[in-house]
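Trainee: Please see the structure below; I have some questions.
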Amino acid sequence: MATLGNPQETIAVLKKYNFNFQKKFGQNFLIDTHVLDKIVAAAGITKEDMVLEIGPGIGTLTQYLCESAREVVAVEIDRNLIPVLSDTLSAYDNVTVLNEDVLKVDLDALVREKNAGKPIKVVANLPYYITTPIIMKLLEENIPVSSITVMIQKEVAERMQAEPGGKEYGALSLAVQFYADTYIAANVPPNCFMPRPNVGSAVIRLTKHEKCPVKVQDTSYMFKVIRASFAQRRKTLVNGLCNSSEISVDKEAVLNALEKMGLKADVRGEKLSLVEFAKLSDLLCG
């Protein structure tokens with residue numbers, strides 16, 4: 001049975017190994033069993049599943065995953081944690097720990113080797129400083145992943161789920177929603193971690209779309225248009241696009257495209273939905 005998950009056990013493990021938290025790795029370990037149960041439940045882990053865990057720390061969440069999944073691969077960048085994980089996970093024969101930087105791992109090859117190329121589930125208590133690059137790697141690189149259930153900064157989770165028109169809505173909202181459905185499963189206060197972070201956290205589940213929600217001629221061009229539209233939020237969409245270093249469009253072309261779409265000349269990027277951005281980018285690159 002899982003034994004970690006409360007403050008006393010976490011402190012005992014850290015003392016045993018004389019472990020010092022590394023600020024550069026954004027280490028905040030979970031010390032609340034209810035939250036751990038919520039993460040596993042939100043991810044819908046079954047005995048059929050292979051789970052990739054990113055940043056297992058001392059193995060708290062890993063133990064819970066090993067109880068529920070067929071197989072777990074945990075990728076940990078901090079080599080000082082490898083002996084700790086050997087100890088805390090010694091009761092489980094369905095876990096592999098890799099001492100790697102997940103951004104450099106060939107995840108496609110890993111899924112082929114461990115799960116015959118079938119989609120895996122990703123579960124993690126992610127370091128906040130590197131949340132977005134990790135999630136975008138998982139979404140953009142066409143790795144066979146059915147869902148990603150992660151603990152991240154609450155503000156970032158809200159941005160991922162945001163709808164057009166709100167102040168949280170932006171390029172990240174559109175990038176995530178292009179690839180996945182979003183669902184915030186739980187809000188988690190700072191006292192559930194050791195050491196306490198300065199911000200609230202949330203568990204968000206991203207379920208990959210079976211079929212892309214929009215049709216667009218050139219995905220990478222659309223994302224350039226999106227980034228340019230939000231680069232200077234106070235500016236109108238027209239100014240944002242015309243001042244962009246990523247794309248080259250003239251004002252007349254943008255105004256014509258907006259007119260065809262029935263949008264006003266002074267519209268801002270935050271008002272456009274993903275479908276409208278796809279249409280706009282098709283008009284501009286066509």
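Ligands are numbered from 1 in the order shown, residues from 1 within each chain, and chains are lettered A, B, ... in the order they appear in the structure tokens.
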I'd like the contact shell of A:His34 - 12 Å cut-off, only C-alpha atoms, skipping same-chain residues fewer than 3 positions apart - returned as a PyMOL selection string.

Mentor: chain A and resi 5-6+30-31+37-41+61+64+186-188+192

Trainee: Looking at only C-alpha atoms, which of A:Ala180, A:Val84, A:Leu126, A:Leu65 is the one that sits closest to A:Glu140?

Mentor: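 Among the listed residues, A:Ala180 lies closest to A:Glu140.
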
Trainee: Which residues are close to stretch 225-239 of chain A, i.e. within 6 Å by only C-alpha atoms, leaving aside same-chain residues fewer than 5 positions away? Reply as a list of chain:residue names.

Mentor: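 Near neighbours after the sequence-gap exclusion: A:Ala171, A:Ser244, A:Asp266, A:Val267, A:Arg268, A:Gly269.
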
Trainee: Could you check which of A:Leu206, A:Tyr183, A:Pro213, A:Pro164 is closest to A:Lys271, using only C-alpha atoms?

Mentor: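 Looking only at the distances to A:Lys271, the closest residue turns out to be A:Pro164.
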
Trainee: Neighbouring residues of A:Leu283 were defined as those with any atom within 12 Å, considering only C-alpha atoms; residues of the same chain fewer than 5 positions away were excluded. Please report them as an MDAnalysis selection string.

Mentor: chainID A and resid 216:218 221:222 225 249 253:261 276:278

Trainee: Measure the distance from atom CA of A:Ala69 to atom CA of A:Tyr92 in Å and round it to one decimal.

Mentor: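 That distance, rounded to one decimal, is 11.2 Å.
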
Trainee: For stretch 198-204 of chain A, please output as an NGL selection string all residues within 6 Å (counting only C-alpha atoms; exclusion window: fewer than 5 positions along the same chain).

Mentor: :A and (149-154 or 183-190)

Trainee: Pick out each residue of stretch 14-126 of chain A that DSSP on the backbone tags as strand (DSSP E); I need them as a ChimeraX atom specification.

Mentor: /A:29-30,50-54,71-75,95-98,120-125

Trainee: Now that the selection is made, can you save its residues with C-alpha atoms as an mmCIF file, in the first residue's frame?

Mentor:
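Now in selection.cif:
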data_model
loop_
_atom_site.group_PDB
_atom_site.id
_atom_site.type_symbol
_atom_site.label_atom_id
_atom_site.label_comp_id
_atom_site.auth_asym_id
_atom_site.auth_seq_id
_atom_site.Cartn_x
_atom_site.Cartn_y
_atom_site.Cartn_z
ATOM 1 C CA PHE A 29 6.097 17.952 -2.624
ATOM 2 C CA LEU A 30 2.448 17.040 -1.995
ATOM 3 C CA MET A 50 0.624 2.929 -18.754
ATOM 4 C CA VAL A 51 1.275 6.232 -16.970
ATOM 5 C CA LEU A 52 4.104 8.677 -17.550
ATOM 6 C CA GLU A 53 4.836 10.724 -14.441
ATOM 7 C CA ILE A 54 6.981 13.855 -14.746
ATOM 8 C CA GLU A 71 2.858 0.342 -15.426
ATOM 9 C CA VAL A 72 4.426 3.680 -14.450
ATOM 10 C CA VAL A 73 7.456 5.411 -15.966
ATOM 11 C CA ALA A 74 8.642 8.295 -13.778
ATOM 12 C CA VAL A 75 11.051 10.847 -15.252
ATOM 13 C CA VAL A 95 7.634 1.242 -12.059
ATOM 14 C CA THR A 96 10.698 2.471 -13.985
ATOM 15 C CA VAL A 97 12.525 5.626 -12.909
ATOM 16 C CA LEU A 98 14.500 7.557 -15.526
ATOM 17 C CA ILE A 120 -0.610 6.587 -22.492
ATOM 18 C CA LYS A 121 -1.835 8.861 -19.698
ATOM 19 C CA VAL A 122 0.411 11.572 -18.282
ATOM 20 C CA VAL A 123 0.068 12.505 -14.611
ATOM 21 C CA ALA A 124 2.303 14.986 -12.794
ATOM 22 C CA ASN A 125 2.753 17.555 -10.079
#

Trainee: Give me the residues within 9 Å of A:Ile134 as a list in words, counting only C-alpha atoms and dropping any in the same chain fewer than 5 places off.

Mentor: Val102, Leu103, Leu126 and Leu139 of chain A

Trainee: What does the structure give for the distance between atom CA of A:Leu89 and atom CA of A:Lys137, in Å to one decimal?

Mentor: 27.3 Å

Trainee: For the atom pair atom CA of A:Lys118 and atom CA of A:Asp49, what is the interatomic distance in Å to one decimal place?

Mentor: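 Computing the Euclidean distance for atom CA of A:Lys118 and atom CA of A:Asp49 yields 9.7 Å.
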
Trainee: Give the helix (DSSP H, G or I) residues of stretch 24-101 of chain A, as assigned by DSSP on the backbone, as a ChimeraX atom specification.

Mentor: /A:24-25,33-43,60-68,79-88

Trainee: Select, from A:Gln63, A:Ser147, A:Ser220, A:Gln177, the residue with the minimum atom-to-atom distance to A:Thr207, counting only C-alpha atoms.

Mentor: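 Of the candidates, the smallest distance to A:Thr207 is held by A:Ser147.
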